[in-house]
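J.: mmCIF, C-alpha atoms, saved as model-v6.cif, coming up:
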data_entry
#
loop_
_atom_site.label_atom_id
_atom_site.label_comp_id
_atom_site.auth_asym_id
_atom_site.auth_seq_id
_atom_site.Cartn_x
_atom_site.Cartn_y
_atom_site.Cartn_z
CA MET A 1 75.52 112.51 95.59
CA ARG A 2 78.50 113.74 93.61
CA ALA A 3 77.24 117.32 93.79
CA ARG A 4 77.09 117.08 97.60
CA LEU A 5 80.64 115.71 97.67
CA ILE A 6 81.90 118.58 95.51
CA ILE A 7 80.13 121.20 97.62
CA ALA A 8 81.41 119.64 100.87
CA ARG A 9 84.99 119.55 99.60
CA LEU A 10 84.78 123.16 98.41
CA ILE A 11 83.47 124.28 101.80
CA GLN A 12 86.32 122.43 103.52
CA ALA A 13 88.79 124.18 101.22
CA ILE A 14 87.68 127.70 102.23
CA PRO A 15 89.75 127.80 105.47
CA VAL A 16 92.75 126.48 103.54
CA VAL A 17 92.49 129.23 100.92
CA ILE A 18 92.04 131.89 103.63
CA GLY A 19 95.12 130.59 105.45
CA VAL A 20 97.12 130.66 102.21
CA VAL A 21 96.10 134.27 101.56
CA VAL A 22 97.09 135.39 105.07
CA ILE A 23 100.37 133.48 105.24
CA THR A 24 101.42 134.48 101.73
CA PHE A 25 100.75 138.14 102.45
CA ILE A 26 102.83 138.03 105.63
CA LEU A 27 105.71 136.10 104.07
CA THR A 28 105.96 138.32 101.00
CA ARG A 29 106.25 141.37 103.25
CA ALA A 30 109.06 139.59 105.09
CA LEU A 31 111.11 139.21 101.90
CA PRO A 32 114.49 140.96 102.02
CA GLY A 33 114.84 144.14 100.03
CA ASP A 34 112.51 147.00 99.20
CA PRO A 35 110.62 146.70 95.90
CA ALA A 36 110.37 150.49 95.76
CA VAL A 37 114.17 150.72 95.70
CA TYR A 38 114.37 147.95 93.09
CA PHE A 39 111.93 149.59 90.68
CA ALA A 40 113.07 153.16 91.29
CA GLY A 41 116.51 152.21 90.02
CA ASP A 42 120.04 152.47 91.38
CA ALA A 43 120.33 156.15 90.57
CA ALA A 44 117.06 157.17 92.26
CA ASP A 45 117.13 159.55 95.20
CA GLU A 46 115.11 159.19 98.38
CA ALA A 47 112.27 161.36 97.06
CA SER A 48 111.87 159.18 93.98
CA ILE A 49 111.94 156.02 96.06
CA GLN A 50 109.27 157.45 98.37
CA GLN A 51 107.13 158.36 95.37
CA VAL A 52 107.36 154.80 94.03
CA ARG A 53 106.56 153.46 97.49
CA GLU A 54 103.41 155.60 97.64
CA THR A 55 102.41 154.54 94.14
CA LEU A 56 102.69 150.89 95.14
CA GLY A 57 100.79 151.49 98.37
CA LEU A 58 103.74 150.30 100.46
CA ASP A 59 103.65 153.40 102.65
CA LYS A 60 100.38 152.27 104.25
CA PRO A 61 100.27 150.15 107.45
CA LEU A 62 100.25 146.38 106.91
CA PRO A 63 96.62 145.90 108.09
CA HIS A 64 95.52 148.51 105.55
CA GLN A 65 97.54 146.81 102.80
CA PHE A 66 96.03 143.44 103.70
CA LEU A 67 92.44 144.71 103.67
CA GLN A 68 93.03 146.35 100.31
CA TYR A 69 94.53 143.10 99.01
CA VAL A 70 91.51 141.09 100.17
CA ARG A 71 89.08 143.61 98.65
CA ASP A 72 90.90 143.35 95.34
CA LEU A 73 90.79 139.54 95.48
CA VAL A 74 87.04 139.57 96.10
CA ARG A 75 86.63 141.75 93.00
CA GLY A 76 88.77 139.34 90.98
CA ASP A 77 91.73 141.70 90.86
CA TRP A 78 94.96 139.88 91.72
CA GLY A 79 97.02 143.01 91.19
CA ASN A 80 99.55 143.99 88.55
CA SER A 81 103.00 142.48 88.26
CA LEU A 82 105.69 145.10 88.76
CA SER A 83 108.10 143.08 86.64
CA THR A 84 105.93 142.64 83.52
CA GLY A 85 103.52 145.54 83.99
CA GLN A 86 100.64 143.16 83.23
CA PRO A 87 97.79 141.93 85.46
CA VAL A 88 98.89 138.90 87.44
CA LEU A 89 95.85 136.92 86.29
CA ALA A 90 96.80 137.56 82.66
CA ASP A 91 100.40 136.47 83.32
CA LEU A 92 99.26 133.30 85.07
CA ALA A 93 96.67 132.51 82.40
CA ARG A 94 99.38 132.80 79.75
CA ARG A 95 102.04 130.80 81.60
CA LEU A 96 100.00 128.17 83.44
CA PRO A 97 99.08 126.14 80.32
CA ALA A 98 102.78 125.86 79.47
CA SER A 99 103.56 124.36 82.90
CA LEU A 100 100.46 122.15 82.87
CA GLU A 101 101.22 120.79 79.41
CA LEU A 102 104.79 119.95 80.38
CA THR A 103 103.85 118.44 83.76
CA LEU A 104 100.92 116.37 82.48
CA LEU A 105 102.91 114.95 79.59
CA ALA A 106 105.79 114.13 81.93
CA LEU A 107 103.43 112.33 84.32
CA LEU A 108 101.82 110.34 81.50
CA LEU A 109 105.26 109.25 80.35
CA SER A 110 106.28 108.52 83.94
CA CYS A 111 103.16 106.42 84.62
CA ALA A 112 103.63 104.50 81.37
CA ILE A 113 107.04 103.40 82.67
CA ALA A 114 106.65 103.38 86.46
CA ILE A 115 103.40 101.39 86.85
CA PRO A 116 104.45 98.42 84.65
CA LEU A 117 107.87 98.57 86.29
CA GLY A 118 106.34 98.42 89.77
CA VAL A 119 104.01 95.57 88.79
CA MET A 120 106.91 93.62 87.27
CA ALA A 121 109.01 94.10 90.41
CA ALA A 122 106.14 93.07 92.72
CA THR A 123 105.42 89.86 90.80
CA SER A 124 109.07 88.79 91.05
CA PRO A 125 110.38 90.01 94.43
CA GLY A 126 114.09 89.50 94.90
CA SER A 127 114.68 88.76 91.21
CA TRP A 128 116.75 90.70 88.71
CA LYS A 129 113.57 92.51 87.68
CA ASP A 130 113.08 93.72 91.24
CA HIS A 131 116.70 94.84 91.48
CA LEU A 132 116.44 96.62 88.12
CA CYS A 133 113.40 98.51 89.39
CA ARG A 134 115.27 99.58 92.53
CA VAL A 135 118.28 100.75 90.53
CA LEU A 136 116.16 102.80 88.14
CA VAL A 137 114.12 104.28 90.98
CA THR A 138 117.23 105.22 92.97
CA ALA A 139 118.92 106.73 89.94
CA GLY A 140 115.83 108.71 88.98
CA VAL A 141 115.33 110.27 92.39
CA SER A 142 119.05 110.86 93.02
CA LEU A 143 119.89 112.80 89.86
CA PRO A 144 119.03 116.51 90.08
CA THR A 145 116.63 117.61 87.37
CA PHE A 146 118.92 120.37 86.12
CA PHE A 147 121.77 117.86 85.71
CA THR A 148 119.52 115.38 83.88
CA GLY A 149 118.21 118.15 81.63
CA ILE A 150 121.66 119.47 80.75
CA LEU A 151 122.90 115.94 80.11
CA LEU A 152 119.99 115.19 77.76
CA VAL A 153 120.56 118.47 75.94
CA TYR A 154 124.27 117.71 75.54
CA VAL A 155 123.68 114.20 74.20
CA PHE A 156 120.55 114.55 72.05
CA TYR A 157 120.92 118.16 70.87
CA TYR A 158 124.64 118.91 70.86
CA LEU A 159 126.12 115.49 70.01
CA LEU A 160 123.38 113.68 68.09
CA ASP A 161 121.41 116.71 66.82
CA ILE A 162 118.12 114.79 66.75
CA VAL A 163 116.03 117.26 68.77
CA PRO A 164 115.43 120.99 68.24
CA SER A 165 117.13 123.68 70.28
CA PRO A 166 115.89 123.74 73.90
CA LEU A 167 114.58 127.30 73.74
CA GLY A 168 110.96 127.44 74.76
CA ARG A 169 107.74 125.86 73.59
CA LEU A 170 108.29 126.36 69.84
CA ASP A 171 111.27 126.75 67.57
CA PHE A 172 111.54 130.11 65.83
CA ILE A 173 110.46 128.61 62.48
CA TYR A 174 106.94 127.92 63.81
CA ILE A 175 104.07 130.27 64.55
CA GLU A 176 102.05 129.88 67.73
CA PRO A 177 98.70 128.17 67.10
CA ASP A 178 95.45 130.03 67.65
CA SER A 179 94.93 130.09 71.41
CA ILE A 180 91.95 127.94 72.42
CA THR A 181 93.15 126.08 75.50
CA GLY A 182 96.70 127.39 75.79
CA PHE A 183 98.04 123.85 75.27
CA TYR A 184 99.99 123.93 72.02
CA LEU A 185 99.43 120.24 71.30
CA ILE A 186 95.68 120.50 71.81
CA ASP A 187 95.35 123.83 70.01
CA GLY A 188 97.40 122.56 67.09
CA ALA A 189 95.19 119.46 66.81
CA LEU A 190 91.93 121.43 67.15
CA THR A 191 92.92 123.92 64.45
CA GLY A 192 94.37 121.24 62.19
CA ASP A 193 97.82 122.83 62.32
CA TRP A 194 99.73 119.56 62.41
CA GLU A 195 103.05 121.16 61.53
CA THR A 196 102.91 123.28 64.67
CA PHE A 197 101.68 120.23 66.58
CA ARG A 198 104.78 118.29 65.56
CA GLY A 199 107.00 121.26 66.38
CA ALA A 200 105.50 121.60 69.87
CA ALA A 201 105.77 117.85 70.43
CA LYS A 202 109.47 117.90 69.53
CA GLN A 203 110.11 120.76 71.96
CA LEU A 204 108.39 118.78 74.73
CA VAL A 205 110.51 115.64 74.34
CA LEU A 206 113.55 116.62 76.40
CA PRO A 207 111.88 118.62 79.22
CA ALA A 208 109.11 116.03 79.61
CA THR A 209 111.66 113.22 79.70
CA THR A 210 113.71 115.11 82.30
CA MET A 211 110.70 115.48 84.59
CA ALA A 212 109.53 111.91 83.94
CA ILE A 213 112.89 110.48 85.04
CA PHE A 214 112.56 112.34 88.34
CA THR A 215 108.85 111.64 88.99
CA LEU A 216 108.80 107.95 88.10
CA ALA A 217 110.64 107.01 91.31
CA PRO A 218 107.82 107.58 93.85
CA ILE A 219 105.19 106.18 91.47
CA ALA A 220 107.13 102.98 90.78
CA ARG A 221 107.98 102.55 94.46
CA MET A 222 104.35 102.96 95.57
CA THR A 223 103.11 100.65 92.80
CA ARG A 224 105.52 97.95 93.89
CA ALA A 225 104.60 98.26 97.58
CA SER A 226 100.85 98.33 96.89
CA MET A 227 101.05 95.35 94.53
CA LEU A 228 103.01 93.32 97.08
CA THR A 229 100.31 94.03 99.67
CA ALA A 230 97.51 93.18 97.24
CA LEU A 231 99.14 89.96 96.03
CA SER A 232 99.45 88.69 99.61
CA SER A 233 95.76 89.32 100.35
CA ASP A 234 93.20 86.60 100.96
CA PHE A 235 91.08 87.47 97.93
CA ILE A 236 94.07 86.93 95.64
CA ARG A 237 94.73 83.51 97.17
CA THR A 238 91.04 82.70 96.69
CA ALA A 239 91.19 83.81 93.06
CA ARG A 240 94.24 81.62 92.47
CA ALA A 241 92.57 78.66 94.14
CA ALA A 242 89.57 79.18 91.87
CA GLY A 243 91.83 78.74 88.86
CA LEU A 244 91.49 82.23 87.40
CA ALA A 245 93.98 83.27 84.75
CA ARG A 246 97.14 84.99 85.99
CA ARG A 247 96.49 88.07 83.87
CA LYS A 248 92.95 88.34 85.24
CA ILE A 249 94.24 88.13 88.81
CA LEU A 250 96.99 90.69 88.26
CA MET A 251 95.08 93.27 86.23
CA GLY A 252 91.49 92.71 87.28
CA TYR A 253 91.97 92.25 91.03
CA ALA A 254 95.45 93.03 92.35
CA LEU A 255 96.26 96.13 90.28
CA ARG A 256 92.82 97.68 90.71
CA ASN A 257 93.07 97.39 94.49
CA ALA A 258 96.66 98.64 94.43
CA LEU A 259 95.79 101.75 92.42
CA LEU A 260 94.30 103.76 95.31
CA PRO A 261 97.60 104.61 97.04
CA VAL A 262 99.16 105.05 93.60
CA VAL A 263 96.52 107.68 92.73
CA THR A 264 97.26 109.48 96.01
CA THR A 265 100.98 109.44 95.23
CA LEU A 266 100.31 110.61 91.69
CA GLY A 267 98.34 113.58 93.00
CA MET A 268 101.14 114.53 95.38
CA VAL A 269 103.76 114.14 92.64
CA PHE A 270 101.71 116.29 90.28
CA SER A 271 101.35 119.07 92.84
CA PHE A 272 105.06 118.96 93.64
CA ALA A 273 106.16 118.79 90.02
CA LEU A 274 103.96 121.69 88.93
CA GLY A 275 105.39 124.02 91.53
CA ALA A 276 108.95 122.70 91.62
CA ASN A 277 109.73 122.33 87.91
CA VAL A 278 111.47 125.70 87.86
CA LEU A 279 114.87 124.09 87.24
CA VAL A 280 113.54 122.29 84.18
CA GLU A 281 111.92 125.50 82.97
CA LYS A 282 115.18 127.40 83.39
CA VAL A 283 117.26 124.78 81.58
CA PHE A 284 114.88 124.64 78.62
CA ALA A 285 113.81 128.33 78.67
CA TRP A 286 110.25 127.15 79.25
CA PRO A 287 107.83 130.05 79.88
CA GLY A 288 105.97 128.46 82.79
CA ILE A 289 104.78 129.64 86.17
CA GLY A 290 107.80 128.23 88.00
CA SER A 291 110.26 130.58 86.32
CA TYR A 292 107.68 133.37 86.64
CA ALA A 293 107.54 132.86 90.42
CA VAL A 294 111.33 132.83 90.79
CA ASP A 295 111.70 136.03 88.79
CA ALA A 296 109.00 137.61 90.95
CA LEU A 297 110.80 136.55 94.14
CA VAL A 298 114.08 138.06 92.95
CA ALA A 299 112.33 141.36 92.22
CA SER A 300 110.23 141.26 95.44
CA ASP A 301 107.18 141.45 93.19
CA TYR A 302 104.51 140.97 95.86
CA ALA A 303 101.48 140.69 93.59
CA ALA A 304 103.10 138.09 91.31
CA VAL A 305 104.33 135.94 94.22
CA GLN A 306 100.97 136.08 95.98
CA GLY A 307 99.17 135.27 92.75
CA PHE A 308 101.41 132.27 92.10
CA VAL A 309 100.90 130.82 95.59
CA LEU A 310 97.15 131.41 95.48
CA ALA A 311 96.91 129.77 92.06
CA MET A 312 98.84 126.75 93.33
CA ALA A 313 96.54 126.51 96.37
CA LEU A 314 93.44 126.54 94.17
CA LEU A 315 94.97 123.93 91.88
CA PHE A 316 95.75 121.77 94.90
CA VAL A 317 92.14 122.02 96.09
CA ALA A 318 90.87 121.06 92.63
CA LEU A 319 93.33 118.18 92.47
CA ASN A 320 92.17 116.79 95.82
CA LEU A 321 88.59 116.93 94.59
CA ILE A 322 89.51 115.05 91.42
CA ILE A 323 91.36 112.42 93.47
CA ASP A 324 88.28 111.89 95.66
CA LEU A 325 86.15 111.32 92.56
CA VAL A 326 88.72 108.97 91.03
CA TYR A 327 88.77 106.97 94.28
CA ALA A 328 85.06 106.28 93.98
CA LEU A 329 85.43 105.29 90.33
CA ILE A 330 88.29 102.86 91.03
CA ASP A 331 86.68 101.30 94.11
CA PRO A 332 82.87 101.73 94.34
CA ARG A 333 82.98 100.41 97.92
CA ILE A 334 84.41 103.75 99.02
CA GLY A 335 81.33 105.63 97.81
CA PHE A 336 80.88 109.36 97.57
CA ASP A 337 79.82 109.76 101.20
CA SER A 338 83.13 108.60 102.68
#
Output the file's structure in the form of structure tokens.
T.:
Amino acid sequence: MRARLIIARLIQAIPVVIGVVVITFILTRALPGDPAVYFAGDAADEASIQQVRETLGLDKPLPHQFLQYVRDLVRGDWGNSLSTGQPVLADLARRLPASLELTLLALLLSCAIAIPLGVMAATSPGSWKDHLCRVLVTAGVSLPTFFTGILLVYVFYYLLDIVPSPLGRLDFIYIEPDSITGFYLIDGALTGDWETFRGAAKQLVLPATTMAIFTLAPIARMTRASMLTALSSDFIRTARAAGLARRKILMGYALRNALLPVVTTLGMVFSFALGANVLVEKVFAWPGIGSYAVDALVASDYAAVQGFVLAMALLFVALNLIIDLVYALIDPRIGFDS
């Protein structure tokens, strides 16, 4: 049953991926500027620029360029980045774990705060707890991430000096752990390098907190709204009339039924945060795919931009599949055929 669900979702995702490939190709060619001019240099003459253009294949008609791009994709060749000189797949494989580690840790921290906050607000509507939740949610979504990040750096690094310098995934005194998963925390734990593990964890504190402050708003808001709907349902009134404990009603019945829209929101927040955390990456010099994509856009690096968008599309497809499976685990009534 689960295998059929996975296959069906993958088949449904094929048109989406094809559309992403076509649209990305067209949009990258519409970017201002000529990459041949950019990489030939300011002092290059027209002959040199034309030579670079031919080397990059930009002198061919667009249909020919697109067919060549599709043929390369089918062979697993995503092209070479003009900025780094490396294969795009290698760049993404090196940078994606950094973004995933930061985003996942930020979402775990956000959920640890937002879900209890939403439940607390829903159980006491109109109270000071509810107003506190609204204030925190409004503040979190209103403050730009770059401002929050700079403020945290100023307070905790510059004034208090209790966190390491915000310069990447590891301070210069540490050596990168042996690459197993690309996640420094996991690799440090698997190899028993606990000193590097602690160093990576310290570097994650400020950027993860910055992202968590921003992402907790939609999660807390959806948790509150879903819990209010669940608590006003007939089955909750029946459970109360039956004399069940308050904790059992809240956690065993209301929260479990309220989690479905929260999971949907969490998936959307994850997708948005992974692609839009470029400001956080820039503030903390984090070598993730967000900053990689921005640098590629500035340089009109077609292959890198197309690779980034395609990678995000595939991640989004995988995330939707995971959400479908989580739905069935949270509420068996949904089933795998729905």
J.: Evaluate the PyMOL selection byres ((chain A and resi 310) around 10) here and jot the selected residues down as a ChimeraX atom specification.
T.: /A:17-18,20-21,24,78,304-309,311-316
J.: Quick one: distance from atom CA of A:Arg247 to atom CA of A:Leu329 in Å, one decimal?
T.: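 So the answer is 21.5 Å.
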J.: Find the residue from A:Met222, A:Ala201, A:Ala299, A:Ile322 that sits nearest to A:Pro116; use all atoms listed in the file when measuring.
T.: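 Residue with the minimum atom-to-atom distance to A:Pro116: A:Met222.
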J.: Compile the contact shell of A:Ile113 as a PyMOL selection string: residues with an atom at most 12 Å away, counting all atoms listed in the file, same-chain residues fewer than 3 positions apart removed.
T.: chain A and resi 106-110+116-120+133+136-137+209+212-221+223
J.: Could you state the separation of atom CA of A:Thr103 and atom CA of A:Asn320 in Å, given to one decimal place?
T.: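 Spanning atom CA of A:Thr103 to atom CA of A:Asn320 is a straight-line distance of 16.9 Å.
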J.: Looking at all atoms listed in the file, which of A:Pro177, A:Leu204, A:Ala258, A:Tyr327 is the one that sits closest to A:Gly192?
T.: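 Between A:Pro177, A:Leu204, A:Ala258, A:Tyr327, the residue approaching A:Gly192 most closely is A:Pro177.
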J.: Report as JSON the centre and the edge lengths, in Å to one decimal, of the axis-aligned box holding every listed atom of stretch 69-83 of chain A, padded by 3 Å on each side.
T.:
{"center_x": 97.4, "center_y": 142.2, "center_z": 93.4, "size_x": 27.5, "size_y": 11.8, "size_z": 19.5}
J.: Write out as a PyMOL selection string the residues lying within 9 Å of A:Leu231, counting only C-alpha atoms and excluding same-chain residues fewer than 6 positions away.
T.: chain A and resi 122-123+237+249-250+254-255
J.: Can you pull out the residues contacting stretch 146-161 of chain A? Cut-off 7 Å, using all atoms listed in the file, and skip same-chain residues under 6 positions away; I want them as a PyMOL selection string.
T.: chain A and resi 206-207+210+279-280+283
J.: For A:Pro97, which residue out of A:Ala189, A:Leu67, A:Ile289, A:Leu56 is the nearest one, using all atoms listed in the file?
T.: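 Among the listed residues, the smallest separation from A:Pro97 belongs to A:Ile289.
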J.: Nearest to A:Leu104 among A:Gly85, A:Gly267, A:Pro287, A:Gly243, with distances taken over only C-alpha atoms: which residue is it?
T.: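 The answer is A:Gly267, which sits nearest to A:Leu104.
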J.: Measure the distance from atom CA of A:Leu102 to atom CA of A:Phe270 in Å and round it to one decimal.
T.: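 According to the coordinates, atom CA of A:Leu102 and atom CA of A:Phe270 are separated by 11.0 Å.
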J.: Show which residues sit within 9 Å of A:Asn80, as a list in words. Count all atoms listed in the file, and ignore same-chain residues fewer than 4 positions away.
T.: Thr84, Gly85, Gln86, Pro87, Val88, Leu89, Ala303 and Ala304 of chain A
J.: A:Ser291: which residues within 6 Å, counting only C-alpha atoms, same-chain residues fewer than 3 positions away excluded, as a PyMOL selection string?
T.: chain A and resi 278+288+294
J.: Could you spell out the hits of the PyMOL selection byres ((chain A and resi 260) around 10) on the shown file, as an MDAnalysis selection string?
T.: chainID A and resid 223 226 255:259 261:266 323 326:328 330:331
J.: Please complete stretch 166-196 of chain A so it has N, CA and C atoms, and hand it over as an mmCIF file, keeping the file's coordinate frame.
T.:
data_model
loop_
_atom_site.group_PDB
_atom_site.id
_atom_site.type_symbol
_atom_site.label_atom_id
_atom_site.label_comp_id
_atom_site.auth_asym_id
_atom_site.auth_seq_id
_atom_site.Cartn_x
_atom_site.Cartn_y
_atom_site.Cartn_z
ATOM 1 N N PRO A 166 116.731 123.677 72.693
ATOM 2 C CA PRO A 166 115.890 123.740 73.900
ATOM 3 C C PRO A 166 115.609 125.183 74.316
ATOM 4 N N LEU A 167 114.846 125.872 73.498
ATOM 5 C CA LEU A 167 114.580 127.300 73.740
ATOM 6 C C LEU A 167 113.085 127.565 73.671
ATOM 7 N N GLY A 168 112.365 127.106 74.670
ATOM 8 C CA GLY A 168 110.960 127.440 74.760
ATOM 9 C C GLY A 168 110.036 126.391 74.187
ATOM 10 N N ARG A 169 108.783 126.793 74.001
ATOM 11 C CA ARG A 169 107.740 125.860 73.590
ATOM 12 C C ARG A 169 107.727 125.598 72.092
ATOM 13 N N LEU A 170 108.254 126.520 71.288
ATOM 14 C CA LEU A 170 108.290 126.360 69.840
ATOM 15 C C LEU A 170 109.593 126.896 69.285
ATOM 16 N N ASP A 171 110.102 126.229 68.269
ATOM 17 C CA ASP A 171 111.270 126.750 67.570
ATOM 18 C C ASP A 171 110.855 128.007 66.797
ATOM 19 N N PHE A 172 111.836 128.815 66.451
ATOM 20 C CA PHE A 172 111.540 130.110 65.830
ATOM 21 C C PHE A 172 110.905 129.961 64.445
ATOM 22 N N ILE A 173 111.009 128.794 63.824
ATOM 23 C CA ILE A 173 110.460 128.610 62.480
ATOM 24 C C ILE A 173 108.951 128.373 62.504
ATOM 25 N N TYR A 174 108.374 128.183 63.690
ATOM 26 C CA TYR A 174 106.940 127.920 63.810
ATOM 27 C C TYR A 174 106.224 129.147 64.346
ATOM 28 N N ILE A 175 104.945 129.212 64.040
ATOM 29 C CA ILE A 175 104.070 130.270 64.550
ATOM 30 C C ILE A 175 103.141 129.660 65.591
ATOM 31 N N GLU A 176 102.926 130.385 66.680
ATOM 32 C CA GLU A 176 102.050 129.880 67.730
ATOM 33 C C GLU A 176 100.659 129.590 67.171
ATOM 34 N N PRO A 177 100.053 128.468 67.586
ATOM 35 C CA PRO A 177 98.700 128.170 67.100
ATOM 36 C C PRO A 177 97.681 129.125 67.716
ATOM 37 N N ASP A 178 96.530 129.226 67.088
ATOM 38 C CA ASP A 178 95.450 130.030 67.650
ATOM 39 C C ASP A 178 95.122 129.543 69.056
ATOM 40 N N SER A 179 95.106 130.474 70.004
ATOM 41 C CA SER A 179 94.930 130.090 71.410
ATOM 42 C C SER A 179 93.477 129.714 71.684
ATOM 43 N N ILE A 180 93.263 128.449 72.025
ATOM 44 C CA ILE A 180 91.950 127.940 72.420
ATOM 45 C C ILE A 180 92.009 127.472 73.870
ATOM 46 N N THR A 181 92.953 126.586 74.139
ATOM 47 C CA THR A 181 93.150 126.080 75.500
ATOM 48 C C THR A 181 94.447 126.548 76.118
ATOM 49 N N GLY A 182 95.372 127.040 75.306
ATOM 50 C CA GLY A 182 96.700 127.390 75.790
ATOM 51 C C GLY A 182 97.689 126.245 75.698
ATOM 52 N N PHE A 183 97.189 125.023 75.463
ATOM 53 C CA PHE A 183 98.040 123.850 75.270
ATOM 54 C C PHE A 183 98.366 123.767 73.775
ATOM 55 N N TYR A 184 99.624 123.894 73.434
ATOM 56 C CA TYR A 184 99.990 123.930 72.020
ATOM 57 C C TYR A 184 99.612 122.637 71.292
ATOM 58 N N LEU A 185 99.775 121.505 71.951
ATOM 59 C CA LEU A 185 99.430 120.240 71.300
ATOM 60 C C LEU A 185 97.932 120.170 71.011
ATOM 61 N N ILE A 186 97.125 120.549 72.000
ATOM 62 C CA ILE A 186 95.680 120.500 71.810
ATOM 63 C C ILE A 186 95.222 121.551 70.810
ATOM 64 N N ASP A 187 95.747 122.765 70.933
ATOM 65 C CA ASP A 187 95.350 123.830 70.010
ATOM 66 C C ASP A 187 95.767 123.508 68.579
ATOM 67 N N GLY A 188 96.960 122.938 68.421
ATOM 68 C CA GLY A 188 97.400 122.560 67.090
ATOM 69 C C GLY A 188 96.511 121.484 66.479
ATOM 70 N N ALA A 189 96.077 120.523 67.309
ATOM 71 C CA ALA A 189 95.190 119.460 66.810
ATOM 72 C C ALA A 189 93.793 120.007 66.498
ATOM 73 N N LEU A 190 93.275 120.886 67.359
ATOM 74 C CA LEU A 190 91.930 121.430 67.150
ATOM 75 C C LEU A 190 91.859 122.299 65.898
ATOM 76 N N THR A 191 92.910 123.046 65.631
ATOM 77 C CA THR A 191 92.920 123.920 64.450
ATOM 78 C C THR A 191 93.438 123.225 63.205
ATOM 79 N N GLY A 192 93.852 121.967 63.336
ATOM 80 C CA GLY A 192 94.370 121.240 62.190
ATOM 81 C C GLY A 192 95.760 121.660 61.760
ATOM 82 N N ASP A 193 96.453 122.372 62.624
ATOM 83 C CA ASP A 193 97.820 122.830 62.320
ATOM 84 C C ASP A 193 98.793 121.750 62.792
ATOM 85 N N TRP A 194 98.933 120.716 61.990
ATOM 86 C CA TRP A 194 99.730 119.560 62.410
ATOM 87 C C TRP A 194 101.221 119.842 62.356
ATOM 88 N N GLU A 195 101.628 120.808 61.557
ATOM 89 C CA GLU A 195 103.050 121.160 61.530
ATOM 90 C C GLU A 195 103.461 121.783 62.859
ATOM 91 N N THR A 196 102.637 122.701 63.361
ATOM 92 C CA THR A 196 102.910 123.280 64.670
ATOM 93 C C THR A 196 102.776 122.236 65.765
#
